[in-house]
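Input: a single structure, listed below in structure tokens.
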Amino acid sequence: MTESTAKTNETVAPSEGFVAQARVASKEAYEALWRQSIEDPTTFWQEQTKDLVFRTPWTAFSDGVPPYSEGEIPGPDGAAPMTFFPGATLNLTESCLDRHLTTPARTRAALIFEGEPGDTRTLTYFELHRETVRLAAALADLGVQAGDRVAIYMGMVPEAAIAMLACARLGATHTVVFGGFSSDALRDRINDCGAKVLLTQDGAWRRGHAVPLKDMADTALLETPTIEKVVVLARIGAERCHSHLKPGRDIDWHDLVSRVPSPKSIERAIRPAAFDAEHPLFVLYTSGSTGKPKGVLHTTAGYLAGVHVTSKYVFDLREGDLYFCTADVGWITGHSYLVYGPLSCGASILLYEGAPNFPDWGRFWSVIERHGVSILYTAPTAIRAFMRQGEEWPNRYDLSSLRLLGSVGEPINPEAWLWYHRTIGAERCPIVDTWWQTETGSIMLTTLPGAVAAKPGATGLPLFGVEMTIADDEGALHDRGAANGKLVIKRPWPSMARTLWNDNVRYGETYWKAIPGRYFTGDGARRDEDGYFWVTGRIDDVLNVSGHRIGTAEIESALVSHSAVAEAAAVGRPDEMKGQALVVFVTLKEGKQAGPVLKNELAAHIDREIGKFARPDEIRFTDALPKTRSGKIMRRLLKDVAAGTVRANQDTSTLEDLGVLAKLQAED
Ligand code: WTA
């Protein structure tokens with residue numbers, strides 16, 4: 001986003017038609033509900049969670065510690081500062097599945113699947129429940145118990161959602177690893193959380209090619225001592241899948257679920273156990289500014305409450321809606337707003353397997369037309385890519401079933417916002433730009449549709465139970481009127497991450513120490529005179545490339561693990577399409593030759609270490625990295641070089657000389 005466009009202050013009011021049926025139909029009504037959520041959270045959450053199924057109902061909203069006084073750091077060793085809905089017990093899947101079996105939702109589509117080759121499949125709530133129960137019983141027979149970790153390495157197929165739900169039903173903690181991650185990345189995640197079982201598939205369709213998930217899993221499995229069983233879904237071809245099963249370890253998914261389970265396992269799956277409100281639901285790995293990926297842990301009741309309430313209000317989900325979230329199940333958006341949130345509301349979800357532009361740029365619009373999608377939730381990168389292809393593509397399709405549009409993952413520039421509004425939403429559909437993170441579990445900032453006007457480029461106002469503010473360089477908090485600063489959440493909220501897997505200390509240090517006792521998001525933002533937040537992007541060493549979160553430290557450590565590389569620095573460069581592009585500066589070991597061959601080799605090395613989605617956009621060789629006198633890499637300078645605002649000397653041997661620049665900077 002450029003500075004000039006970021007400051008537009010145009011407001012776009014929701015259409016009258018939308019306001020007439022809105023759950024919250026005015027700014028005053030939103031403010032009253034928000035105030036209640038802060039001042040009387042018990043009453044607010046009692047009312048808002050009344051549709052959810054608790055075995056032991058909760059009486060207190062939280063264990064009652066915060067808000068913290070300045071300077072107080074929460075939790076022993078930095079672990080979860082508080083618990084929510086203490087004393088409650090529940091099986092989360094009863095809210096997502098069982099409760100709909102006694103309503104008309106029973107025979108309604110829970111999930112409509114469209115495969116990339118064009119195959120479609122519909123599962124009603126009855127069928128999704130049945131499939132979940134079957135898989136849960138089968139997993140129980142494999143020895144999966146409450147508290148065990150189960151890894152899921154799959155593409156966008158209904159079984160991925162079924163796998164998550166089956167784990168939750170048993171109280172097993174799932175860790176979904178995005179199918180774009182390499183075998184090394186999968187191995188590290190399995191080993192970090194000690195998963196016992198892996199659920200995967202032979203391959204996933206992507207742009208007409210099969211992504212060989214099982215082959216990659218096999219490589220990972222060479223070094224994952226905790227995995228006992230692997231369940232493999234035949235998606236690409238049953239024959240190929242069967243021939244690749246390792247006897248004693250691998251089991252075909254369909255064989256597994258068609259066996260008759262033991263009576264005990266059937267019992268456990270049909271009448272599942274209830275778990276404590278704080279029972280670990282899932283671990284999802286995400287990138288941080290330092291070190292290895294962080295295993296963000298979410299627990300049961302607070303997470304469910306957060307995704308339920310936000311799905312209901314932000315997406316205005318109602319009976320008869322068909323909701324299309326384009327995020328992959330491997331990311332938090334897929335967890336919260338493809339699976340758990342919408343199902344807890346009894347909505348019908350559309351799950352699409354492939355790429356947005358396969359076989360052509362009309363794919364999304366054709367899906368919307370054919371299935372009658374009413375709500376679309378996607379990322380600015382996709383919107384910008386569609387915009388570049390021109391209106392002809394969407395204009396060929398009937399998009400009149402749409403009534404609400406959402407955006408997530410990165411700042412949306414006003415041009416893309418306006419295009420989305422006009423071309424896709426026909427100026428009829430409100431747009432909810434939703435700001436949140438893996439760690440927040442659910443949406444924190446948006447403009448509630450029908451209640452408040454949107455401002456293209458601004459994410460909007462805090463949601464229920466959320467108090468956001470801006471911290472200045474000294475750490476002072478400014479609720480209003482501050483310039484750009486750090487985006488901070490003032491007090492804990494039910495769906496927040498409780499810790500990082502096996503690393504309470506890192507959790508406390510990463511989130512609660514920069515502004516002591518408050519949650520620091522890692523993002524920069526300002527708040528305007530109307531109270532709207534304008535998020536500018538990450539201000540730590542995390543990049544956001546096409547909506548993917550990438551840690552510079554991960555890229556750098558992957559690069560230095562290559563035998564030719566001495567040192568590496570990764571930075572972001574503003575990019576019109578991707579938001580940020582990934583640029584890496586590399587110095588080589590003695591005798592290693594810079595050039596196109598090595599560039600390709602390093603790109604392939606990143607594919608192997610992390611995944612293709614993390615491939616640098618640019619690899620630049622330099623004779624030395626510019627450093628301060630104390631030896632710190634001058635990232636600011638490298639960002640300027642990457643952005644082209646200052647130029648390095650480029651000598652004939654293709655090595656850049658950044659030393660001169662470093663000297664100039666040091667003299668400033
Ligand atoms: C960025 C994705 C601006 C932000 C749900 C955040 C956004 C990071 C928005 C989290 C938005 C997400 N406007 N920036 N609407 N939504 N971000 O964990 O930098 O993959 O910190 O969660 O994405 O990425 P994550």
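Residue names in the structure tokens use chain letters A, B, ... in the order shown, residue numbers from 1 in each chain, and ligand numbers from 1 in the order shown.
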
From region 356-523 of chain A, collect each residue whose DSSP state is alpha helix (DSSP H) and return the set as a PDB file with N, CA, C and O atoms, in the first residue's frame.
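states00.pdb written:
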```pdb
ATOM      1  N   ARG A 363     -12.491 -19.503 -12.582  1.00  0.00           N
ATOM      2  CA  ARG A 363     -12.829 -20.621 -11.705  1.00  0.00           C
ATOM      3  C   ARG A 363     -13.666 -20.232 -10.480  1.00  0.00           C
ATOM      4  O   ARG A 363     -14.704 -20.825 -10.212  1.00  0.00           O
ATOM      5  N   PHE A 364     -13.193 -19.238  -9.724  1.00  0.00           N
ATOM      6  CA  PHE A 364     -13.948 -18.853  -8.519  1.00  0.00           C
ATOM      7  C   PHE A 364     -15.369 -18.426  -8.895  1.00  0.00           C
ATOM      8  O   PHE A 364     -16.339 -18.754  -8.237  1.00  0.00           O
ATOM      9  N   TRP A 365     -15.449 -17.645  -9.978  1.00  0.00           N
ATOM     10  CA  TRP A 365     -16.752 -17.050 -10.341  1.00  0.00           C
ATOM     11  C   TRP A 365     -17.697 -18.130 -10.843  1.00  0.00           C
ATOM     12  O   TRP A 365     -18.902 -18.071 -10.607  1.00  0.00           O
ATOM     13  N   SER A 366     -17.127 -19.115 -11.489  1.00  0.00           N
ATOM     14  CA  SER A 366     -17.946 -20.225 -11.949  1.00  0.00           C
ATOM     15  C   SER A 366     -18.442 -21.052 -10.752  1.00  0.00           C
ATOM     16  O   SER A 366     -19.595 -21.489 -10.706  1.00  0.00           O
ATOM     17  N   VAL A 367     -17.582 -21.246  -9.749  1.00  0.00           N
ATOM     18  CA  VAL A 367     -17.992 -21.960  -8.527  1.00  0.00           C
ATOM     19  C   VAL A 367     -19.138 -21.200  -7.860  1.00  0.00           C
ATOM     20  O   VAL A 367     -20.151 -21.782  -7.455  1.00  0.00           O
ATOM     21  N   ILE A 368     -18.994 -19.885  -7.786  1.00  0.00           N
ATOM     22  CA  ILE A 368     -20.024 -19.056  -7.129  1.00  0.00           C
ATOM     23  C   ILE A 368     -21.347 -19.160  -7.893  1.00  0.00           C
ATOM     24  O   ILE A 368     -22.411 -19.349  -7.310  1.00  0.00           O
ATOM     25  N   GLU A 369     -21.254 -19.071  -9.215  1.00  0.00           N
ATOM     26  CA  GLU A 369     -22.474 -19.139 -10.031  1.00  0.00           C
ATOM     27  C   GLU A 369     -23.150 -20.505  -9.914  1.00  0.00           C
ATOM     28  O   GLU A 369     -24.352 -20.605  -9.671  1.00  0.00           O
ATOM     29  N   ARG A 370     -22.364 -21.566 -10.078  1.00  0.00           N
ATOM     30  CA  ARG A 370     -22.961 -22.903 -10.122  1.00  0.00           C
ATOM     31  C   ARG A 370     -23.558 -23.339  -8.789  1.00  0.00           C
ATOM     32  O   ARG A 370     -24.567 -24.016  -8.739  1.00  0.00           O
ATOM     33  N   HIS A 371     -22.892 -22.956  -7.686  1.00  0.00           N
ATOM     34  CA  HIS A 371     -23.385 -23.424  -6.389  1.00  0.00           C
ATOM     35  C   HIS A 371     -24.271 -22.399  -5.681  1.00  0.00           C
ATOM     36  O   HIS A 371     -24.900 -22.717  -4.679  1.00  0.00           O
ATOM     37  N   PRO A 380      -6.451 -10.393  -0.183  1.00  0.00           N
ATOM     38  CA  PRO A 380      -6.150  -9.303  -1.111  1.00  0.00           C
ATOM     39  C   PRO A 380      -5.254  -9.714  -2.282  1.00  0.00           C
ATOM     40  O   PRO A 380      -5.428  -9.233  -3.403  1.00  0.00           O
ATOM     41  N   THR A 381      -4.300 -10.618  -2.037  1.00  0.00           N
ATOM     42  CA  THR A 381      -3.423 -11.049  -3.130  1.00  0.00           C
ATOM     43  C   THR A 381      -4.252 -11.638  -4.266  1.00  0.00           C
ATOM     44  O   THR A 381      -4.003 -11.364  -5.438  1.00  0.00           O
ATOM     45  N   ALA A 382      -5.240 -12.453  -3.908  1.00  0.00           N
ATOM     46  CA  ALA A 382      -6.100 -13.051  -4.937  1.00  0.00           C
ATOM     47  C   ALA A 382      -6.897 -11.953  -5.640  1.00  0.00           C
ATOM     48  O   ALA A 382      -7.010 -11.945  -6.873  1.00  0.00           O
ATOM     49  N   ILE A 383      -7.419 -11.017  -4.863  1.00  0.00           N
ATOM     50  CA  ILE A 383      -8.232  -9.943  -5.457  1.00  0.00           C
ATOM     51  C   ILE A 383      -7.382  -9.142  -6.457  1.00  0.00           C
ATOM     52  O   ILE A 383      -7.825  -8.842  -7.571  1.00  0.00           O
ATOM     53  N   ARG A 384      -6.144  -8.827  -6.051  1.00  0.00           N
ATOM     54  CA  ARG A 384      -5.272  -8.055  -6.958  1.00  0.00           C
ATOM     55  C   ARG A 384      -4.951  -8.840  -8.224  1.00  0.00           C
ATOM     56  O   ARG A 384      -4.880  -8.282  -9.317  1.00  0.00           O
ATOM     57  N   ALA A 385      -4.779 -10.146  -8.060  1.00  0.00           N
ATOM     58  CA  ALA A 385      -4.480 -10.969  -9.243  1.00  0.00           C
ATOM     59  C   ALA A 385      -5.682 -10.984 -10.193  1.00  0.00           C
ATOM     60  O   ALA A 385      -5.532 -10.848 -11.411  1.00  0.00           O
ATOM     61  N   PHE A 386      -6.891 -11.106  -9.641  1.00  0.00           N
ATOM     62  CA  PHE A 386      -8.097 -11.079 -10.477  1.00  0.00           C
ATOM     63  C   PHE A 386      -8.250  -9.723 -11.161  1.00  0.00           C
ATOM     64  O   PHE A 386      -8.640  -9.635 -12.321  1.00  0.00           O
ATOM     65  N   MET A 387      -7.926  -8.685 -10.397  1.00  0.00           N
ATOM     66  CA  MET A 387      -8.071  -7.319 -10.907  1.00  0.00           C
ATOM     67  C   MET A 387      -7.193  -7.120 -12.148  1.00  0.00           C
ATOM     68  O   MET A 387      -7.610  -6.536 -13.130  1.00  0.00           O
ATOM     69  N   ARG A 388      -6.001  -7.677 -12.069  1.00  0.00           N
ATOM     70  CA  ARG A 388      -5.065  -7.540 -13.189  1.00  0.00           C
ATOM     71  C   ARG A 388      -5.579  -8.238 -14.449  1.00  0.00           C
ATOM     72  O   ARG A 388      -5.288  -7.830 -15.565  1.00  0.00           O
ATOM     73  N   GLN A 389      -6.357  -9.296 -14.255  1.00  0.00           N
ATOM     74  CA  GLN A 389      -6.878 -10.040 -15.415  1.00  0.00           C
ATOM     75  C   GLN A 389      -8.072  -9.349 -16.065  1.00  0.00           C
ATOM     76  O   GLN A 389      -8.513  -9.744 -17.133  1.00  0.00           O
ATOM     77  N   GLU A 392     -13.532  -8.763 -17.378  1.00  0.00           N
ATOM     78  CA  GLU A 392     -14.217  -9.694 -18.292  1.00  0.00           C
ATOM     79  C   GLU A 392     -14.487 -11.021 -17.611  1.00  0.00           C
ATOM     80  O   GLU A 392     -15.541 -11.615 -17.821  1.00  0.00           O
ATOM     81  N   TRP A 393     -13.515 -11.485 -16.817  1.00  0.00           N
ATOM     82  CA  TRP A 393     -13.698 -12.815 -16.211  1.00  0.00           C
ATOM     83  C   TRP A 393     -14.907 -12.863 -15.291  1.00  0.00           C
ATOM     84  O   TRP A 393     -15.846 -13.620 -15.548  1.00  0.00           O
ATOM     85  N   PRO A 394     -14.956 -12.032 -14.231  1.00  0.00           N
ATOM     86  CA  PRO A 394     -16.157 -12.098 -13.377  1.00  0.00           C
ATOM     87  C   PRO A 394     -17.432 -11.716 -14.123  1.00  0.00           C
ATOM     88  O   PRO A 394     -18.499 -12.270 -13.839  1.00  0.00           O
ATOM     89  N   ASN A 395     -17.320 -10.808 -15.091  1.00  0.00           N
ATOM     90  CA  ASN A 395     -18.532 -10.354 -15.781  1.00  0.00           C
ATOM     91  C   ASN A 395     -19.218 -11.446 -16.604  1.00  0.00           C
ATOM     92  O   ASN A 395     -20.374 -11.319 -16.971  1.00  0.00           O
ATOM     93  N   PRO A 414      -6.784   0.373  -1.080  1.00  0.00           N
ATOM     94  CA  PRO A 414      -8.107   0.894  -1.458  1.00  0.00           C
ATOM     95  C   PRO A 414      -8.497   0.556  -2.899  1.00  0.00           C
ATOM     96  O   PRO A 414      -9.674   0.277  -3.152  1.00  0.00           O
ATOM     97  N   GLU A 415      -7.545   0.533  -3.834  1.00  0.00           N
ATOM     98  CA  GLU A 415      -7.892   0.217  -5.228  1.00  0.00           C
ATOM     99  C   GLU A 415      -8.492  -1.190  -5.323  1.00  0.00           C
ATOM    100  O   GLU A 415      -9.506  -1.398  -5.983  1.00  0.00           O
ATOM    101  N   ALA A 416      -7.855  -2.142  -4.654  1.00  0.00           N
ATOM    102  CA  ALA A 416      -8.354  -3.530  -4.688  1.00  0.00           C
ATOM    103  C   ALA A 416      -9.700  -3.615  -3.966  1.00  0.00           C
ATOM    104  O   ALA A 416     -10.617  -4.313  -4.409  1.00  0.00           O
ATOM    105  N   TRP A 417      -9.815  -2.887  -2.879  1.00  0.00           N
ATOM    106  CA  TRP A 417     -11.075  -2.873  -2.108  1.00  0.00           C
ATOM    107  C   TRP A 417     -12.219  -2.394  -3.014  1.00  0.00           C
ATOM    108  O   TRP A 417     -13.277  -3.034  -3.101  1.00  0.00           O
ATOM    109  N   LEU A 418     -11.970  -1.280  -3.704  1.00  0.00           N
ATOM    110  CA  LEU A 418     -13.026  -0.688  -4.534  1.00  0.00           C
ATOM    111  C   LEU A 418     -13.380  -1.594  -5.715  1.00  0.00           C
ATOM    112  O   LEU A 418     -14.538  -1.710  -6.101  1.00  0.00           O
ATOM    113  N   TRP A 419     -12.371  -2.262  -6.262  1.00  0.00           N
ATOM    114  CA  TRP A 419     -12.623  -3.190  -7.367  1.00  0.00           C
ATOM    115  C   TRP A 419     -13.488  -4.365  -6.898  1.00  0.00           C
ATOM    116  O   TRP A 419     -14.465  -4.760  -7.540  1.00  0.00           O
ATOM    117  N   ASN A 504       6.623 -22.264  27.057  1.00  0.00           N
ATOM    118  CA  ASN A 504       5.951 -21.182  27.779  1.00  0.00           C
ATOM    119  C   ASN A 504       6.782 -19.910  27.803  1.00  0.00           C
ATOM    120  O   ASN A 504       6.256 -18.810  27.707  1.00  0.00           O
ATOM    121  N   VAL A 505       8.079 -20.087  27.949  1.00  0.00           N
ATOM    122  CA  VAL A 505       8.933 -18.912  28.109  1.00  0.00           C
ATOM    123  C   VAL A 505       8.915 -18.074  26.835  1.00  0.00           C
ATOM    124  O   VAL A 505       8.738 -16.854  26.870  1.00  0.00           O
ATOM    125  N   ARG A 506       9.024 -18.753  25.693  1.00  0.00           N
ATOM    126  CA  ARG A 506       9.021 -18.017  24.430  1.00  0.00           C
ATOM    127  C   ARG A 506       7.666 -17.311  24.222  1.00  0.00           C
ATOM    128  O   ARG A 506       7.602 -16.216  23.689  1.00  0.00           O
ATOM    129  N   TYR A 507       6.601 -17.969  24.666  1.00  0.00           N
ATOM    130  CA  TYR A 507       5.266 -17.373  24.561  1.00  0.00           C
ATOM    131  C   TYR A 507       5.223 -16.042  25.315  1.00  0.00           C
ATOM    132  O   TYR A 507       4.808 -15.017  24.773  1.00  0.00           O
ATOM    133  N   GLY A 508       5.666 -16.079  26.563  1.00  0.00           N
ATOM    134  CA  GLY A 508       5.656 -14.855  27.372  1.00  0.00           C
ATOM    135  C   GLY A 508       6.521 -13.785  26.745  1.00  0.00           C
ATOM    136  O   GLY A 508       6.121 -12.626  26.630  1.00  0.00           O
ATOM    137  N   GLU A 509       7.696 -14.204  26.294  1.00  0.00           N
ATOM    138  CA  GLU A 509       8.634 -13.214  25.754  1.00  0.00           C
ATOM    139  C   GLU A 509       8.175 -12.638  24.424  1.00  0.00           C
ATOM    140  O   GLU A 509       8.355 -11.464  24.153  1.00  0.00           O
ATOM    141  N   THR A 510       7.580 -13.492  23.586  1.00  0.00           N
ATOM    142  CA  THR A 510       7.189 -13.015  22.259  1.00  0.00           C
ATOM    143  C   THR A 510       6.018 -12.050  22.326  1.00  0.00           C
ATOM    144  O   THR A 510       5.997 -11.053  21.623  1.00  0.00           O
ATOM    145  N   TYR A 511       5.057 -12.361  23.156  1.00  0.00           N
ATOM    146  CA  TYR A 511       3.806 -11.595  23.075  1.00  0.00           C
ATOM    147  C   TYR A 511       3.561 -10.616  24.220  1.00  0.00           C
ATOM    148  O   TYR A 511       2.812  -9.666  24.057  1.00  0.00           O
TER     149      TYR A 511
END
```

All residues having an atom within 9 Å of ligand 1 (only C-alpha atoms and all ligand atoms) as number ranges by chain: A: 286-287, 331-333, 379-380, 407-412, 432-443, 445-446, 457-459, 521-524, 534-539, 542-544, 547-550

### Message
With only C-alpha atoms as the counted atoms, please give the residues lying no more than 10 Å from Gly531 (chain A), apart from itself and same-chain residues fewer than 3 positions off, as a ChimeraX atom specification.
### Response
/A:460-462,469,479-481,526-528,534

With N, CA, C and O atoms retained, could you export that selection as a short mmCIF file (atom, residue, chain, number, x, y, z; two decimals), in the first residue's frame?
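Printed below is result_10.cif as written:
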```
data_model
loop_
_atom_site.label_atom_id
_atom_site.label_comp_id
_atom_site.auth_asym_id
_atom_site.auth_seq_id
_atom_site.Cartn_x
_atom_site.Cartn_y
_atom_site.Cartn_z
N GLY A 460 -10.93 -1.40 10.54
CA GLY A 460 -12.14 -1.07 11.29
C GLY A 460 -12.00 -1.08 12.78
O GLY A 460 -10.97 -0.67 13.32
N LEU A 461 -13.03 -1.61 13.44
CA LEU A 461 -13.18 -1.43 14.88
C LEU A 461 -13.04 -2.76 15.60
O LEU A 461 -13.22 -3.82 15.01
N PRO A 462 -12.75 -2.70 16.91
CA PRO A 462 -12.57 -3.95 17.66
C PRO A 462 -13.86 -4.74 17.78
O PRO A 462 -14.94 -4.17 17.91
N THR A 469 -5.34 -1.07 21.12
CA THR A 469 -4.79 0.26 21.29
C THR A 469 -3.47 0.37 20.54
O THR A 469 -3.00 -0.60 19.95
N ASP A 479 -5.21 5.36 23.13
CA ASP A 479 -6.45 4.83 22.58
C ASP A 479 -6.92 5.65 21.39
O ASP A 479 -7.62 5.15 20.52
N ARG A 480 -6.58 6.90 21.37
CA ARG A 480 -6.97 7.76 20.25
C ARG A 480 -5.82 8.68 19.87
O ARG A 480 -4.98 9.03 20.69
N GLY A 481 -5.85 9.09 18.62
CA GLY A 481 -5.05 10.23 18.21
C GLY A 481 -3.55 10.02 18.08
O GLY A 481 -2.81 10.98 17.90
N ARG A 526 -2.20 2.67 12.90
CA ARG A 526 -2.63 3.92 13.52
C ARG A 526 -4.15 3.85 13.66
O ARG A 526 -4.80 3.00 13.05
N ARG A 527 -4.65 4.75 14.50
CA ARG A 527 -6.10 4.77 14.70
C ARG A 527 -6.60 6.16 14.35
O ARG A 527 -6.05 7.15 14.81
N ASP A 528 -7.61 6.25 13.51
CA ASP A 528 -8.05 7.58 13.06
C ASP A 528 -9.08 8.18 14.02
O ASP A 528 -9.46 7.57 15.03
N TRP A 534 -5.97 1.35 11.11
CA TRP A 534 -5.34 1.19 9.79
C TRP A 534 -4.07 0.39 10.02
O TRP A 534 -3.10 0.91 10.58
#
```

May I ask which of the residues A:Leu222, A:Cys241, A:Leu402, A:Ala160 is the closest one to Ile190 (chain A), counting only C-alpha atoms?
->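 Of A:Leu222, A:Cys241, A:Leu402, A:Ala160, the one nearest Ile190 (chain A), counting only C-alpha atoms, is A:Leu222.
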
Run DSSP on the backbone and give me the residues of region 415-662 of chain A it puts in strand (DSSP E or B), as a PyMOL selection string. chain A and resi 431-435+445-446+454+460-462+468-471+477-478+485-489+499-500+519-527+533-538+542-545+548-551+565-575+579-588+611+618-622+627+633+649-650+656-657

Non-local contacts of Leu317 (chain A) (10 Å; only C-alpha atoms; under 2 positions in same chain excluded) as a compact mmCIF listing (two decimals) with N, CA and C atoms, in the first residue's frame:
```txt
# COMPACT_ATOMS: atom_id res chain seq x y z
N ARG A 23 -28.10 -8.25 11.87
CA ARG A 23 -28.23 -8.64 13.29
C ARG A 23 -27.96 -7.43 14.19
N THR A 310 -17.80 -14.73 16.18
CA THR A 310 -17.32 -13.93 15.03
C THR A 310 -17.92 -14.44 13.72
N SER A 311 -18.05 -15.75 13.56
CA SER A 311 -18.66 -16.27 12.33
C SER A 311 -20.08 -15.73 12.19
N LYS A 312 -20.78 -15.73 13.30
CA LYS A 312 -22.18 -15.32 13.28
C LYS A 312 -22.33 -13.83 12.96
N TYR A 313 -21.51 -13.01 13.60
CA TYR A 313 -21.69 -11.56 13.42
C TYR A 313 -20.92 -11.01 12.22
N VAL A 314 -19.69 -11.46 12.03
CA VAL A 314 -18.88 -10.86 10.96
C VAL A 314 -19.37 -11.32 9.59
N PHE A 315 -19.69 -12.61 9.48
CA PHE A 315 -20.15 -13.12 8.18
C PHE A 315 -21.67 -13.20 8.13
N GLU A 319 -29.24 -19.44 8.12
CA GLU A 319 -29.78 -20.60 7.41
C GLU A 319 -29.85 -20.29 5.92
N GLY A 320 -29.40 -21.22 5.12
CA GLY A 320 -29.53 -21.01 3.68
C GLY A 320 -28.31 -20.36 3.05
N ASP A 321 -27.40 -19.85 3.88
CA ASP A 321 -26.19 -19.26 3.30
C ASP A 321 -25.25 -20.35 2.80
N LEU A 322 -24.60 -20.08 1.67
CA LEU A 322 -23.50 -20.95 1.25
C LEU A 322 -22.26 -20.08 1.29
N TYR A 323 -21.34 -20.51 2.13
CA TYR A 323 -20.20 -19.68 2.50
C TYR A 323 -18.92 -20.30 1.92
N GLY A 341 -15.77 -22.44 12.91
CA GLY A 341 -16.73 -21.34 13.09
C GLY A 341 -18.02 -21.57 12.32
N PRO A 342 -17.94 -21.73 10.99
CA PRO A 342 -19.17 -21.91 10.20
C PRO A 342 -19.98 -23.14 10.61
N CYS A 345 -22.14 -22.66 13.47
CA CYS A 345 -23.33 -21.86 13.16
C CYS A 345 -24.31 -22.64 12.28
N GLY A 346 -23.97 -23.84 11.89
CA GLY A 346 -24.88 -24.63 11.04
C GLY A 346 -24.92 -24.15 9.59
N ALA A 347 -23.87 -23.46 9.16
CA ALA A 347 -23.84 -22.94 7.78
C ALA A 347 -23.42 -24.04 6.81
N SER A 348 -23.64 -23.79 5.52
CA SER A 348 -23.12 -24.69 4.49
C SER A 348 -21.81 -24.10 3.99
N SER A 374 -23.19 -17.41 -1.29
CA SER A 374 -23.70 -16.11 -0.83
C SER A 374 -22.65 -15.28 -0.11
N ILE A 375 -21.62 -15.93 0.42
CA ILE A 375 -20.57 -15.18 1.13
C ILE A 375 -19.20 -15.68 0.64
N LEU A 404 -22.31 -10.90 0.77
CA LEU A 404 -21.29 -10.35 1.68
C LEU A 404 -19.91 -10.82 1.20
```

**Message:** Need the shell around Ile236 (chain A): protein/DNA/RNA residues with any atom at most 12 Å away, counting only C-alpha atoms. Skip same-chain ones fewer than 5 positions apart. Format as an MDAnalysis selection string?
**Reply:** chainID A and resid 115:117 155 157 201:206 208:214 241:242

Which residues come within 9 Å of Arg189 (chain A), counting only C-alpha atoms, excluding same-chain residues fewer than 2 positions away, as JSON, numbers by chain? {"A": [151, 175, 177, 184, 185, 186, 187, 191, 192, 193, 194, 195, 285, 293, 295]}

query = With distances taken over only C-alpha atoms, which of A:Lys486, A:His254, A:Lys513, A:Lys27 is nearest to Ala234 (chain A)?
reply =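 Between A:Lys486, A:His254, A:Lys513, A:Lys27, the residue approaching Ala234 (chain A) most closely is A:His254.
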
Tell me, in Å to one decimal, how far CA of Leu487 (chain A) is from CA of Gly517 (chain A).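 Taking CA of Leu487 (chain A) and CA of Gly517 (chain A), their separation equals 13.9 Å.
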
CA of Trp34 (chain A) sits from CA of Phe464 (chain A) at a separation of 5.0 Å

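Nearest residue to Ser265 (chain A) among A:Gly306, A:Gly631, A:Gly180, A:Gly143 is A:Gly143, counting only C-alpha atoms.
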
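Considering only C-alpha atoms, the residue among A:Ser563, A:Ser262, A:Gln145, A:Ser182 positioned nearest to Leu598 (chain A) is A:Ser563.
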
Discussion item. Neighbouring residues of Thr120 (chain A) were defined as those with any atom within 10 Å, considering only C-alpha atoms; residues of the same chain fewer than 5 positions away were excluded. Please report them as a list in words.
Written reply: Ile112, Phe113, Glu114, Gly115, Leu351 and Tyr352 of chain A

With distances taken over only C-alpha atoms, the candidate from A:Arg99, A:Arg55, A:His478, A:Lys490 nearest Asp276 (chain A) is A:Arg55

To one decimal in Å, tell me the separation between CA of Gln21 (chain A) and CA of Ala301 (chain A).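 According to the coordinates, CA of Gln21 (chain A) and CA of Ala301 (chain A) are separated by 29.4 Å.
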
- Query: Which is closest to Gly362 (chain A) among A:Leu52, A:Val307, A:Leu350, A:Glu391, if we use only C-alpha atoms?
  - Reply: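 Counting only C-alpha atoms, the residue closest to Gly362 (chain A) is A:Glu391.
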